[in-house]
$ cat structure27.pdb   # PDB, C-alpha atoms and all ligand atoms
ATOM      1  CA  MET A   2     143.979 136.445 121.007
ATOM      2  CA  LYS A   3     147.535 135.116 121.238
ATOM      3  CA  VAL A   4     148.035 132.141 118.938
ATOM      4  CA  LEU A   5     150.992 129.778 119.243
ATOM      5  CA  VAL A   6     151.611 127.907 115.977
ATOM      6  CA  PHE A   7     153.956 124.925 115.826
ATOM      7  CA  GLY A   8     155.566 125.144 112.366
ATOM      8  CA  ARG A   9     156.948 128.258 110.727
ATOM      9  CA  GLY A  10     158.069 127.773 107.129
ATOM     10  CA  GLY A  11     155.307 125.406 105.983
ATOM     11  CA  GLN A  12     152.214 126.241 103.947
ATOM     12  CA  LEU A  13     149.757 126.272 106.820
ATOM     13  CA  ALA A  14     152.082 127.933 109.330
ATOM     14  CA  LEU A  15     152.658 130.839 106.953
ATOM     15  CA  ALA A  16     148.939 131.043 106.161
ATOM     16  CA  MET A  17     148.168 131.094 109.921
ATOM     17  CA  ARG A  18     150.613 133.972 110.260
ATOM     18  CA  ASP A  19     148.935 135.860 107.373
ATOM     19  CA  GLN A  20     145.310 135.258 108.386
ATOM     20  CA  GLY A  21     145.829 135.461 112.130
ATOM     21  CA  THR A  22     147.777 138.688 111.936
ATOM     22  CA  GLY A  23     145.295 140.066 109.398
ATOM     23  CA  ALA A  24     142.453 139.372 111.835
ATOM     24  CA  GLY A  25     144.245 141.268 114.580
ATOM     25  CA  HIS A  26     145.636 138.322 116.550
ATOM     26  CA  ALA A  27     149.171 138.032 117.894
ATOM     27  CA  VAL A  28     150.642 135.002 116.118
ATOM     28  CA  VAL A  29     153.868 133.315 117.200
ATOM     29  CA  CYS A  30     155.170 130.618 114.822
ATOM     30  CA  LEU A  31     157.854 128.215 116.091
ATOM     31  CA  GLY A  32     159.908 126.529 113.377
ATOM     32  CA  ARG A  33     161.960 123.385 113.434
ATOM     33  CA  GLU A  34     165.168 125.401 113.515
ATOM     34  CA  SER A  35     164.296 126.570 117.042
ATOM     35  CA  LEU A  36     162.175 123.669 118.296
ATOM     36  CA  SER A  37     161.384 120.134 117.122
ATOM     37  CA  ILE A  38     157.934 119.003 118.156
ATOM     38  CA  ALA A  39     159.499 115.558 118.598
ATOM     39  CA  ASP A  40     161.118 117.023 121.752
ATOM     40  CA  GLY A  41     158.443 116.877 124.453
ATOM     41  CA  THR A  42     160.351 118.990 126.977
ATOM     42  CA  ALA A  43     160.950 121.758 124.427
ATOM     43  CA  VAL A  44     157.246 121.744 123.479
ATOM     44  CA  ALA A  45     156.108 121.958 127.113
ATOM     45  CA  ASP A  46     158.616 124.745 127.827
ATOM     46  CA  ALA A  47     157.442 126.726 124.776
ATOM     47  CA  VAL A  48     153.776 126.419 125.770
ATOM     48  CA  ARG A  49     154.562 127.610 129.301
ATOM     49  CA  ALA A  50     156.762 130.467 128.073
ATOM     50  CA  HIS A  51     154.268 131.813 125.522
ATOM     51  CA  ALA A  52     151.074 131.074 127.521
ATOM     52  CA  PRO A  53     148.875 131.458 124.399
ATOM     53  CA  ASP A  54     145.071 131.556 124.141
ATOM     54  CA  LEU A  55     145.145 129.002 121.308
ATOM     55  CA  ILE A  56     147.640 126.377 120.122
ATOM     56  CA  VAL A  57     147.681 125.215 116.483
ATOM     57  CA  ASN A  58     149.793 122.338 115.215
ATOM     58  CA  ALA A  59     150.817 123.183 111.638
ATOM     59  CA  ALA A  60     154.022 121.151 111.842
ATOM     60  CA  ALA A  61     154.119 117.723 110.272
ATOM     61  CA  TYR A  62     156.237 115.263 108.344
ATOM     62  CA  THR A  63     154.436 115.659 104.988
ATOM     63  CA  ALA A  64     156.784 113.907 102.520
ATOM     64  CA  VAL A  65     154.294 111.158 101.610
ATOM     65  CA  ASP A  66     156.629 109.056  99.456
ATOM     66  CA  LYS A  67     159.777 109.574 101.546
ATOM     67  CA  ALA A  68     157.869 108.447 104.646
ATOM     68  CA  GLU A  69     157.704 104.918 103.219
ATOM     69  CA  SER A  70     161.440 104.523 103.869
ATOM     70  CA  ASP A  71     161.646 106.956 106.819
ATOM     71  CA  ALA A  72     158.922 105.666 109.117
ATOM     72  CA  ALA A  73     160.750 106.384 112.391
ATOM     73  CA  GLU A  74     161.045 110.094 111.598
ATOM     74  CA  ALA A  75     157.451 110.296 110.281
ATOM     75  CA  TYR A  76     156.157 108.784 113.544
ATOM     76  CA  ALA A  77     158.486 110.927 115.678
ATOM     77  CA  VAL A  78     156.955 114.078 114.191
ATOM     78  CA  ASN A  79     153.382 113.090 113.338
ATOM     79  CA  CYS A  80     152.639 110.837 116.320
ATOM     80  CA  ASP A  81     155.048 111.760 119.131
ATOM     81  CA  GLY A  82     155.041 115.456 118.182
ATOM     82  CA  THR A  83     151.249 115.620 118.241
ATOM     83  CA  ARG A  84     151.159 113.811 121.589
ATOM     84  CA  HIS A  85     153.660 116.259 123.078
ATOM     85  CA  ILE A  86     151.620 119.286 122.007
ATOM     86  CA  ALA A  87     148.361 117.696 123.185
ATOM     87  CA  ALA A  88     149.904 116.934 126.579
ATOM     88  CA  ALA A  89     151.211 120.480 126.996
ATOM     89  CA  ALA A  90     147.836 121.918 125.934
ATOM     90  CA  ARG A  91     145.983 119.657 128.376
ATOM     91  CA  ASP A  92     148.335 120.420 131.270
ATOM     92  CA  ALA A  93     147.955 124.183 130.728
ATOM     93  CA  ASP A  94     144.233 123.903 129.750
ATOM     94  CA  ILE A  95     144.808 125.815 126.508
ATOM     95  CA  PRO A  96     142.516 125.203 123.495
ATOM     96  CA  PHE A  97     144.348 123.134 120.862
ATOM     97  CA  ILE A  98     143.533 122.597 117.171
ATOM     98  CA  HIS A  99     145.517 119.897 115.387
ATOM     99  CA  VAL A 100     145.529 119.424 111.613
ATOM    100  CA  SER A 101     145.323 115.994 110.014
ATOM    101  CA  THR A 102     144.715 114.454 106.621
ATOM    102  CA  ASP A 103     142.407 112.657 104.198
ATOM    103  CA  TYR A 104     145.182 110.039 103.918
ATOM    104  CA  VAL A 105     143.942 108.389 107.136
ATOM    105  CA  PHE A 106     141.324 106.763 104.863
ATOM    106  CA  ALA A 107     141.767 103.911 102.388
ATOM    107  CA  GLY A 108     139.889 105.797  99.663
ATOM    108  CA  ASN A 109     137.669 102.990  98.478
ATOM    109  CA  GLY A 110     134.014 103.517  97.507
ATOM    110  CA  ASP A 111     132.480 106.689  96.149
ATOM    111  CA  ARG A 112     130.877 108.189  99.252
ATOM    112  CA  PRO A 113     132.523 111.191 100.943
ATOM    113  CA  TRP A 114     134.333 110.184 104.149
ATOM    114  CA  ARG A 115     132.648 111.119 107.437
ATOM    115  CA  GLU A 116     134.555 111.795 110.629
ATOM    116  CA  ASP A 117     133.439 108.528 112.227
ATOM    117  CA  ASP A 118     134.091 106.311 109.199
ATOM    118  CA  ALA A 119     136.591 103.493 109.654
ATOM    119  CA  THR A 120     140.135 104.604 108.892
ATOM    120  CA  GLY A 121     142.585 102.533 106.871
ATOM    121  CA  PRO A 122     145.679 104.445 105.763
ATOM    122  CA  LEU A 123     147.442 103.117 102.675
ATOM    123  CA  GLY A 124     150.928 104.295 103.611
ATOM    124  CA  VAL A 125     153.277 105.321 106.415
ATOM    125  CA  TYR A 126     152.405 109.029 106.229
ATOM    126  CA  GLY A 127     148.670 108.413 106.712
ATOM    127  CA  ALA A 128     149.340 105.804 109.403
ATOM    128  CA  SER A 129     151.637 108.176 111.304
ATOM    129  CA  LYS A 130     149.062 110.997 111.114
ATOM    130  CA  LEU A 131     146.369 108.605 112.338
ATOM    131  CA  ALA A 132     148.638 107.516 115.207
ATOM    132  CA  GLY A 133     148.977 111.209 116.119
ATOM    133  CA  GLU A 134     145.186 111.624 116.178
ATOM    134  CA  GLN A 135     144.875 108.539 118.375
ATOM    135  CA  ALA A 136     147.640 109.666 120.747
ATOM    136  CA  MET A 137     145.813 112.976 121.110
ATOM    137  CA  ALA A 138     142.460 111.251 121.726
ATOM    138  CA  ASP A 139     144.043 108.981 124.356
ATOM    139  CA  LEU A 140     145.332 112.019 126.260
ATOM    140  CA  GLY A 141     141.919 113.634 125.958
ATOM    141  CA  PRO A 142     142.719 117.340 126.249
ATOM    142  CA  ALA A 143     139.345 118.789 127.217
ATOM    143  CA  ARG A 144     139.432 121.712 124.800
ATOM    144  CA  SER A 145     140.759 120.336 121.522
ATOM    145  CA  ALA A 146     139.783 119.434 117.978
ATOM    146  CA  VAL A 147     141.297 117.742 114.938
ATOM    147  CA  LEU A 148     140.736 119.336 111.535
ATOM    148  CA  ARG A 149     141.301 116.857 108.703
ATOM    149  CA  THR A 150     141.891 118.481 105.351
ATOM    150  CA  SER A 151     143.168 117.579 101.879
ATOM    151  CA  TRP A 152     145.120 118.596  98.761
ATOM    152  CA  VAL A 153     146.622 121.722 100.335
ATOM    153  CA  PHE A 154     148.000 124.473  98.122
ATOM    154  CA  SER A 155     149.242 128.021  98.694
ATOM    155  CA  PRO A 156     151.819 130.486  97.396
ATOM    156  CA  TYR A 157     154.280 128.879  99.826
ATOM    157  CA  GLY A 158     156.416 125.752  99.899
ATOM    158  CA  ALA A 159     156.104 122.684  97.741
ATOM    159  CA  ASN A 160     152.636 121.979  96.403
ATOM    160  CA  PHE A 161     150.759 120.830  93.294
ATOM    161  CA  VAL A 162     149.982 124.335  92.018
ATOM    162  CA  ARG A 163     153.612 125.395  92.126
ATOM    163  CA  THR A 164     154.661 122.143  90.427
ATOM    164  CA  MET A 165     152.110 122.587  87.621
ATOM    165  CA  LEU A 166     153.215 126.184  87.020
ATOM    166  CA  ARG A 167     156.849 125.044  86.791
ATOM    167  CA  LEU A 168     156.107 122.161  84.428
ATOM    168  CA  GLY A 169     153.617 124.158  82.342
ATOM    169  CA  ALA A 170     156.144 126.920  81.735
ATOM    170  CA  ASP A 171     158.093 124.865  79.217
ATOM    171  CA  ARG A 172     156.064 121.775  78.364
ATOM    172  CA  PRO A 173     153.238 121.925  75.815
ATOM    173  CA  GLU A 174     151.791 118.611  77.060
ATOM    174  CA  LEU A 175     151.471 117.062  80.515
ATOM    175  CA  ARG A 176     150.040 113.821  81.880
ATOM    176  CA  VAL A 177     148.111 114.084  85.158
ATOM    177  CA  VAL A 178     146.271 111.461  87.194
ATOM    178  CA  ALA A 179     142.508 111.580  86.555
ATOM    179  CA  ASP A 180     141.209 108.765  88.750
ATOM    180  CA  GLN A 181     141.804 110.276  92.209
ATOM    181  CA  LEU A 182     139.054 112.498  93.577
ATOM    182  CA  GLY A 183     139.432 115.013  96.403
ATOM    183  CA  ARG A 184     138.899 118.539  97.670
ATOM    184  CA  PRO A 185     141.652 121.042  96.776
ATOM    185  CA  THR A 186     142.055 123.350  99.772
ATOM    186  CA  ALA A 187     143.844 126.682 100.045
ATOM    187  CA  ALA A 188     146.067 126.886 103.125
ATOM    188  CA  HIS A 189     144.662 130.360 103.829
ATOM    189  CA  ASP A 190     141.142 128.893 103.916
ATOM    190  CA  ILE A 191     142.313 126.284 106.448
ATOM    191  CA  ALA A 192     143.753 129.081 108.565
ATOM    192  CA  ASP A 193     140.416 130.905 108.422
ATOM    193  CA  ALA A 194     138.585 127.681 109.359
ATOM    194  CA  ILE A 195     140.886 127.248 112.370
ATOM    195  CA  LEU A 196     140.221 130.814 113.489
ATOM    196  CA  LEU A 197     136.473 130.280 113.041
ATOM    197  CA  MET A 198     136.583 127.098 115.135
ATOM    198  CA  ALA A 199     138.772 128.555 117.875
ATOM    199  CA  PRO A 200     136.051 130.105 120.077
ATOM    200  CA  PHE A 201     133.922 126.963 119.865
ATOM    201  CA  VAL A 202     136.882 124.790 120.829
ATOM    202  CA  ALA A 203     137.637 127.219 123.648
ATOM    203  CA  ASP A 204     134.106 127.053 125.079
ATOM    204  CA  GLY A 205     133.929 123.274 124.640
ATOM    205  CA  SER A 206     131.068 123.319 122.100
ATOM    206  CA  ALA A 207     133.357 121.977 119.334
ATOM    207  CA  ARG A 208     135.562 118.966 120.065
ATOM    208  CA  GLY A 209     136.731 115.811 118.337
ATOM    209  CA  VAL A 210     137.278 115.413 114.599
ATOM    210  CA  TYR A 211     136.086 117.777 111.851
ATOM    211  CA  HIS A 212     136.525 117.538 108.082
ATOM    212  CA  PHE A 213     137.235 120.635 106.009
ATOM    213  CA  GLY A 214     138.102 121.283 102.353
ATOM    214  CA  GLY A 215     137.335 123.261  99.218
ATOM    215  CA  ALA A 216     133.684 123.328  98.159
ATOM    216  CA  GLU A 217     133.775 121.236  95.018
ATOM    217  CA  PRO A 218     135.560 117.869  94.751
ATOM    218  CA  THR A 219     137.614 117.351  91.618
ATOM    219  CA  THR A 220     140.427 115.237  90.139
ATOM    220  CA  TRP A 221     144.123 116.124  89.962
ATOM    221  CA  HIS A 222     143.663 116.284  86.187
ATOM    222  CA  ALA A 223     140.842 118.847  86.378
ATOM    223  CA  PHE A 224     142.705 120.722  89.106
ATOM    224  CA  ALA A 225     145.740 120.963  86.804
ATOM    225  CA  GLN A 226     143.549 122.328  84.032
ATOM    226  CA  ALA A 227     142.171 124.926  86.444
ATOM    227  CA  VAL A 228     145.733 125.937  87.360
ATOM    228  CA  PHE A 229     146.480 126.622  83.697
ATOM    229  CA  VAL A 230     143.219 128.523  83.151
ATOM    230  CA  SER A 231     144.188 130.684  86.118
ATOM    231  CA  ALA A 232     147.783 131.141  84.861
ATOM    232  CA  ALA A 233     146.503 132.153  81.395
ATOM    233  CA  ARG A 234     145.285 135.389  83.058
ATOM    234  CA  HIS A 235     148.991 136.203  83.310
ATOM    235  CA  GLY A 236     149.650 135.389  79.663
ATOM    236  CA  ARG A 237     151.000 131.914  80.434
ATOM    237  CA  PRO A 238     150.618 129.292  77.650
ATOM    238  CA  VAL A 239     147.968 126.634  78.328
ATOM    239  CA  PRO A 240     149.456 123.146  77.927
ATOM    240  CA  THR A 241     147.363 120.148  76.939
ATOM    241  CA  VAL A 242     146.736 118.029  80.019
ATOM    242  CA  HIS A 243     146.253 114.354  79.226
ATOM    243  CA  PRO A 244     144.342 112.261  81.774
ATOM    244  CA  ILE A 245     146.191 109.186  83.000
ATOM    245  CA  ALA A 246     145.433 106.438  85.512
ATOM    246  CA  THR A 247     147.114 106.170  88.912
ATOM    247  CA  ALA A 248     148.576 102.875  87.681
ATOM    248  CA  ASP A 249     150.423 104.819  84.963
ATOM    249  CA  TYR A 250     152.143 107.047  87.534
ATOM    250  CA  PRO A 251     153.696 104.694  90.104
ATOM    251  CA  THR A 252     154.838 106.242  93.393
ATOM    252  CA  PRO A 253     156.422 104.639  96.495
ATOM    253  CA  ALA A 254     153.281 105.375  98.569
ATOM    254  CA  ARG A 255     149.771 104.420  97.466
ATOM    255  CA  ARG A 256     147.211 107.256  97.411
ATOM    256  CA  PRO A 257     143.481 107.008  98.182
ATOM    257  CA  ALA A 258     141.341 107.031  95.019
ATOM    258  CA  ASN A 259     138.436 108.669  96.819
ATOM    259  CA  SER A 260     139.762 111.343  99.171
ATOM    260  CA  VAL A 261     136.578 113.371  99.361
ATOM    261  CA  LEU A 262     135.869 114.483 102.925
ATOM    262  CA  ALA A 263     132.262 114.982 104.073
ATOM    263  CA  CYS A 264     132.315 118.379 105.762
ATOM    264  CA  ASP A 265     128.791 118.565 107.257
ATOM    265  CA  ARG A 266     130.046 118.606 110.845
ATOM    266  CA  TYR A 267     132.229 121.631 110.153
ATOM    267  CA  LEU A 268     129.392 123.288 108.220
ATOM    268  CA  ALA A 269     127.142 122.996 111.281
ATOM    269  CA  LEU A 270     129.386 125.461 113.150
ATOM    270  CA  PRO A 271     127.948 128.992 113.192
ATOM    271  CA  GLY A 272     129.311 131.032 110.276
ATOM    272  CA  ALA A 273     131.022 128.089 108.568
ATOM    273  CA  VAL A 274     131.077 127.778 104.766
ATOM    274  CA  LEU A 275     133.169 125.667 102.409
ATOM    275  CA  PRO A 276     135.364 127.989 100.331
ATOM    276  CA  ASP A 277     135.467 127.960  96.533
ATOM    277  CA  TRP A 278     138.982 126.618  95.923
ATOM    278  CA  ARG A 279     139.091 128.421  92.546
ATOM    279  CA  ILE A 280     139.204 131.763  94.370
ATOM    280  CA  GLY A 281     142.104 130.564  96.521
ATOM    281  CA  LEU A 282     143.726 129.139  93.406
ATOM    282  CA  ASP A 283     143.636 132.494  91.599
ATOM    283  CA  LYS A 284     145.184 134.182  94.646
ATOM    284  CA  SER A 285     147.968 131.597  94.863
ATOM    285  CA  VAL A 286     148.657 131.755  91.120
ATOM    286  CA  ASP A 287     148.734 135.564  91.258
ATOM    287  CA  ALA A 288     151.215 135.480  94.139
ATOM    288  CA  LEU A 289     153.401 132.809  92.532
ATOM    289  CA  LEU A 290     153.511 134.445  89.101
ATOM    290  CA  THR A 291     154.138 137.955  90.338
ATOM    291  CA  ALA A 292     156.774 136.950  92.912
ATOM    292  CA  GLY A 293     159.470 137.136  90.216
TER     293      GLY A 293
HETATM  294  N1  LIG A 301     150.102 119.331 102.034
HETATM  295  C1  LIG A 301     148.958 118.659 101.865
HETATM  296  O1  LIG A 301     148.515 118.424 100.734
HETATM  297  C2  LIG A 301     148.159 118.203 103.057
HETATM  298  C3  LIG A 301     146.997 117.439 102.849
HETATM  299  C4  LIG A 301     146.236 117.048 103.961
HETATM  300  C5  LIG A 301     146.641 117.405 105.234
HETATM  301  N2  LIG A 301     147.781 118.121 105.400
HETATM  302  C6  LIG A 301     148.185 118.456 106.763
HETATM  303  O2  LIG A 301     148.166 119.870 106.881
HETATM  304  C7  LIG A 301     149.141 120.272 107.837
HETATM  305  C8  LIG A 301     149.997 121.371 107.243
HETATM  306  O3  LIG A 301     150.651 120.859 106.091
HETATM  307  P1  LIG A 301     151.516 121.802 105.140
HETATM  308  O4  LIG A 301     151.086 121.538 103.754
HETATM  309  O5  LIG A 301     151.556 123.164 105.689
HETATM  310  O6  LIG A 301     152.967 121.092 105.333
HETATM  311  P2  LIG A 301     154.388 121.641 104.940
HETATM  312  O7  LIG A 301     154.282 122.801 104.029
HETATM  313  O8  LIG A 301     155.195 120.448 104.544
HETATM  314  O9  LIG A 301     154.923 122.192 106.330
HETATM  315  C9  LIG A 301     155.190 121.337 107.387
HETATM  316  C10 LIG A 301     155.994 122.107 108.387
HETATM  317  O10 LIG A 301     156.283 121.264 109.488
HETATM  318  C11 LIG A 301     157.575 121.552 109.906
HETATM  319  N3  LIG A 301     158.182 120.432 110.610
HETATM  320  C12 LIG A 301     158.498 119.216 110.137
HETATM  321  N4  LIG A 301     159.057 118.478 111.106
HETATM  322  C13 LIG A 301     159.074 119.249 112.219
HETATM  323  C14 LIG A 301     159.520 119.066 113.545
HETATM  324  N5  LIG A 301     160.081 117.908 113.942
HETATM  325  N6  LIG A 301     159.359 120.074 114.434
HETATM  326  C15 LIG A 301     158.816 121.245 114.042
HETATM  327  N7  LIG A 301     158.384 121.485 112.806
HETATM  328  C16 LIG A 301     158.508 120.494 111.904
HETATM  329  C17 LIG A 301     158.339 121.821 108.638
HETATM  330  O11 LIG A 301     159.477 122.565 108.968
HETATM  331  P3  LIG A 301     160.631 122.877 107.896
HETATM  332  O12 LIG A 301     160.102 124.074 107.135
HETATM  333  O13 LIG A 301     161.799 123.180 108.766
HETATM  334  O14 LIG A 301     160.789 121.652 107.037
HETATM  335  C18 LIG A 301     157.325 122.601 107.837
HETATM  336  O15 LIG A 301     157.459 123.982 108.090
HETATM  337  C19 LIG A 301     149.906 119.021 108.235
HETATM  338  O16 LIG A 301     149.360 118.527 109.424
HETATM  339  C20 LIG A 301     149.599 118.044 107.112
HETATM  340  O17 LIG A 301     149.687 116.718 107.550
HETATM  341  C21 LIG A 301     148.547 118.539 104.351
END

$ encode --input "structure27.pdb" --output "structure tokens"
Amino acid sequence: MKVLVFGRGGQLALAMRDQGTGAGHAVVCLGRESLSIADGTAVADAVRAHAPDLIVNAAAYTAVDKAESDAAEAYAVNCDGTRHIAAAARDADIPFIHVSTDYVFAGNGDRPWREDDATGPLGVYGASKLAGEQAMADLGPARSAVLRTSWVFSPYGANFVRTMLRLGADRPELRVVADQLGRPTAAHDIADAILLMAPFVADGSARGVYHFGGAEPTTWHAFAQAVFVSAARHGRPVPTVHPIATADYPTPARRPANSVLACDRYLALPGAVLPDWRIGLDKSVDALLTAG
């Protein structure tokens, strides 16, 4: 299968390259340096030129805090960009899988969020991603799906695991938020989930919104502790991680307290499982600590 990925240097784009190529697919990743998804003509031209069997949107404006003061750019990428790809996919009748976020939800309550639950983003990033989902739904490409995921980490780019490894290298004590709950998710597991979904999206048996994430929900605090347990395998010191409240760590954008996605719809797909994020975590830590 020929897979066209929008995004090139990001966590998911690189993981799509790794997993897609590893599974024997031809993967073409288009980065911002050659094409902005905010440019509808460029997106349509690229889809025509590459004529792929599957389109994946791994490009997004993901700077959650910066988006609060940069709404126009966040919407240009996350809403307009998604609409442009959806339109090109519909016009060429190519299966399209778009990736979205747990931040479309307000995060209240303690029940995992289902695909049809009412959305209520707390900040510009979540609102712009939701606007992208809605723009895509309005266009209605026949063969398409949205995969919402959460707390993405990998050996690539900026992410929580990399930040913890950097801070833990020279600090004996850290303070990490303990009152937000979610599913850590390895970017490579998202790539595998996309590849698993692809034939069902192509034959029309999977469409609409799906939730996907690591098997066991946890807090940022417990996730940080797991990072240091994993890093200790490489002889790294294990700092003390103190639990703090979200209110003690103010950020420009509010985050959902309960980010846990209910993944039953994804799990109903043949062959689908929720991955153990600890396995992905060990792989990411190994890659990050042996990269030099
Ligand atoms: N990271 C998370 O924790 C998280 C959580 C839930 C959902 N998600 C979703 O998962 C998906 C993948 O996220 P990620 O973690 O891989 O993000 P990422 O590492 O920040 O990568 C995003 C990529 O998008 C590219 N990009 C930004 N603006 C663009 C534009 N105008 N045209 C083309 N490319 C553009 C960036 O290019 P440059 O490299 O040139 O900057 C970057 O490579 C996104 O849809 C995101 O919303 C992420």

$ atom_distance --input "structure27.pdb" --atom1 "atom CA of A:Leu131" --atom2 "atom C12 of ligand LIG 301 (chain A)"
16.3 Å

$ residues_around --input "structure27.pdb" --residues "A:Ala273" --least-positions-apart "3" --cutoff "9 Å" --atoms "all atoms listed in the file" --output "list of chain:residue names"
A:Ala194, A:Leu197, A:Met198, A:Tyr267, A:Leu268, A:Ala269, A:Leu270

$ write_last_selection --input "structure27.pdb" --atoms "C-alpha atoms" --output "short mmCIF file (atom, residue, chain, number, x, y, z; two decimals), keeping the file's coordinate frame"
data_model
loop_
_atom_site.label_atom_id
_atom_site.label_comp_id
_atom_site.auth_asym_id
_atom_site.auth_seq_id
_atom_site.Cartn_x
_atom_site.Cartn_y
_atom_site.Cartn_z
CA ALA A 194 138.58 127.68 109.36
CA LEU A 197 136.47 130.28 113.04
CA MET A 198 136.58 127.10 115.14
CA TYR A 267 132.23 121.63 110.15
CA LEU A 268 129.39 123.29 108.22
CA ALA A 269 127.14 123.00 111.28
CA LEU A 270 129.39 125.46 113.15
#

$ resolve_selection --input "structure27.pdb" --expression "the PyMOL selection byres (((chain A and resi 3) around 7) and not hetatm)" --output "list in words"
Met2, Val4, Leu5, His26, Ala27, Val28, Pro53, Asp54 and Leu55 of chain A

$ residues_near_ligand --input "structure27.pdb" --ligand "ligand LIG 301 (chain A)" --cutoff "7 Å" --atoms "only C-alpha atoms and all ligand atoms" --output "PDB file with C-alpha atoms, in the coordinates of the input"
ATOM      1  CA  PHE A   7     153.956 124.925 115.826  1.00  0.00           C
ATOM      2  CA  GLY A   8     155.566 125.144 112.366  1.00  0.00           C
ATOM      3  CA  ARG A   9     156.948 128.258 110.727  1.00  0.00           C
ATOM      4  CA  GLY A  10     158.069 127.773 107.129  1.00  0.00           C
ATOM      5  CA  GLY A  11     155.307 125.406 105.983  1.00  0.00           C
ATOM      6  CA  GLN A  12     152.214 126.241 103.947  1.00  0.00           C
ATOM      7  CA  LEU A  13     149.757 126.272 106.820  1.00  0.00           C
ATOM      8  CA  ALA A  14     152.082 127.933 109.330  1.00  0.00           C
ATOM      9  CA  GLY A  32     159.908 126.529 113.377  1.00  0.00           C
ATOM     10  CA  ARG A  33     161.960 123.385 113.434  1.00  0.00           C
ATOM     11  CA  GLU A  34     165.168 125.401 113.515  1.00  0.00           C
ATOM     12  CA  LEU A  36     162.175 123.669 118.296  1.00  0.00           C
ATOM     13  CA  SER A  37     161.384 120.134 117.122  1.00  0.00           C
ATOM     14  CA  ILE A  38     157.934 119.003 118.156  1.00  0.00           C
ATOM     15  CA  ALA A  39     159.499 115.558 118.598  1.00  0.00           C
ATOM     16  CA  ASN A  58     149.793 122.338 115.215  1.00  0.00           C
ATOM     17  CA  ALA A  59     150.817 123.183 111.638  1.00  0.00           C
ATOM     18  CA  ALA A  60     154.022 121.151 111.842  1.00  0.00           C
ATOM     19  CA  ALA A  61     154.119 117.723 110.272  1.00  0.00           C
ATOM     20  CA  TYR A  62     156.237 115.263 108.344  1.00  0.00           C
ATOM     21  CA  THR A  63     154.436 115.659 104.988  1.00  0.00           C
ATOM     22  CA  VAL A  78     156.955 114.078 114.191  1.00  0.00           C
ATOM     23  CA  VAL A 100     145.529 119.424 111.613  1.00  0.00           C
ATOM     24  CA  SER A 101     145.323 115.994 110.014  1.00  0.00           C
ATOM     25  CA  THR A 102     144.715 114.454 106.621  1.00  0.00           C
ATOM     26  CA  ASP A 103     142.407 112.657 104.198  1.00  0.00           C
ATOM     27  CA  LYS A 130     149.062 110.997 111.114  1.00  0.00           C
ATOM     28  CA  ARG A 149     141.301 116.857 108.703  1.00  0.00           C
ATOM     29  CA  THR A 150     141.891 118.481 105.351  1.00  0.00           C
ATOM     30  CA  SER A 151     143.168 117.579 101.879  1.00  0.00           C
ATOM     31  CA  TRP A 152     145.120 118.596  98.761  1.00  0.00           C
ATOM     32  CA  VAL A 153     146.622 121.722 100.335  1.00  0.00           C
ATOM     33  CA  PHE A 154     148.000 124.473  98.122  1.00  0.00           C
ATOM     34  CA  GLY A 158     156.416 125.752  99.899  1.00  0.00           C
ATOM     35  CA  ALA A 159     156.104 122.684  97.741  1.00  0.00           C
ATOM     36  CA  ASN A 160     152.636 121.979  96.403  1.00  0.00           C
TER      37      ASN A 160
END

$ resolve_selection --input "structure27.pdb" --expression "the PyMOL selection byres (((chain A and resi 176-187) around 6) and not hetatm)" --output "JSON, numbers by chain"
{"A": [152, 153, 154, 155, 175, 188, 189, 190, 214, 215, 218, 219, 220, 221, 222, 242, 243, 244, 245, 246, 247, 258, 259, 260, 261, 278, 281]}

$ write_last_selection --input "structure27.pdb" --atoms "C-alpha atoms" --output "mmCIF file, keeping the file's coordinate frame"
data_model
loop_
_atom_site.group_PDB
_atom_site.id
_atom_site.type_symbol
_atom_site.label_atom_id
_atom_site.label_comp_id
_atom_site.auth_asym_id
_atom_site.auth_seq_id
_atom_site.Cartn_x
_atom_site.Cartn_y
_atom_site.Cartn_z
ATOM 1 C CA TRP A 152 145.120 118.596 98.761
ATOM 2 C CA VAL A 153 146.622 121.722 100.335
ATOM 3 C CA PHE A 154 148.000 124.473 98.122
ATOM 4 C CA SER A 155 149.242 128.021 98.694
ATOM 5 C CA LEU A 175 151.471 117.062 80.515
ATOM 6 C CA ALA A 188 146.067 126.886 103.125
ATOM 7 C CA HIS A 189 144.662 130.360 103.829
ATOM 8 C CA ASP A 190 141.142 128.893 103.916
ATOM 9 C CA GLY A 214 138.102 121.283 102.353
ATOM 10 C CA GLY A 215 137.335 123.261 99.218
ATOM 11 C CA PRO A 218 135.560 117.869 94.751
ATOM 12 C CA THR A 219 137.614 117.351 91.618
ATOM 13 C CA THR A 220 140.427 115.237 90.139
ATOM 14 C CA TRP A 221 144.123 116.124 89.962
ATOM 15 C CA HIS A 222 143.663 116.284 86.187
ATOM 16 C CA VAL A 242 146.736 118.029 80.019
ATOM 17 C CA HIS A 243 146.253 114.354 79.226
ATOM 18 C CA PRO A 244 144.342 112.261 81.774
ATOM 19 C CA ILE A 245 146.191 109.186 83.000
ATOM 20 C CA ALA A 246 145.433 106.438 85.512
ATOM 21 C CA THR A 247 147.114 106.170 88.912
ATOM 22 C CA ALA A 258 141.341 107.031 95.019
ATOM 23 C CA ASN A 259 138.436 108.669 96.819
ATOM 24 C CA SER A 260 139.762 111.343 99.171
ATOM 25 C CA VAL A 261 136.578 113.371 99.361
ATOM 26 C CA TRP A 278 138.982 126.618 95.923
ATOM 27 C CA GLY A 281 142.104 130.564 96.521
#

$ residues_around --input "structure27.pdb" --residues "stretch 43-47 of chain A" --least-positions-apart "2" --cutoff "10 Å" --atoms "all atoms listed in the file" --output "ChimeraX atom specification"
/A:5,7,31,35-41,49-53,82,85-90,92-93
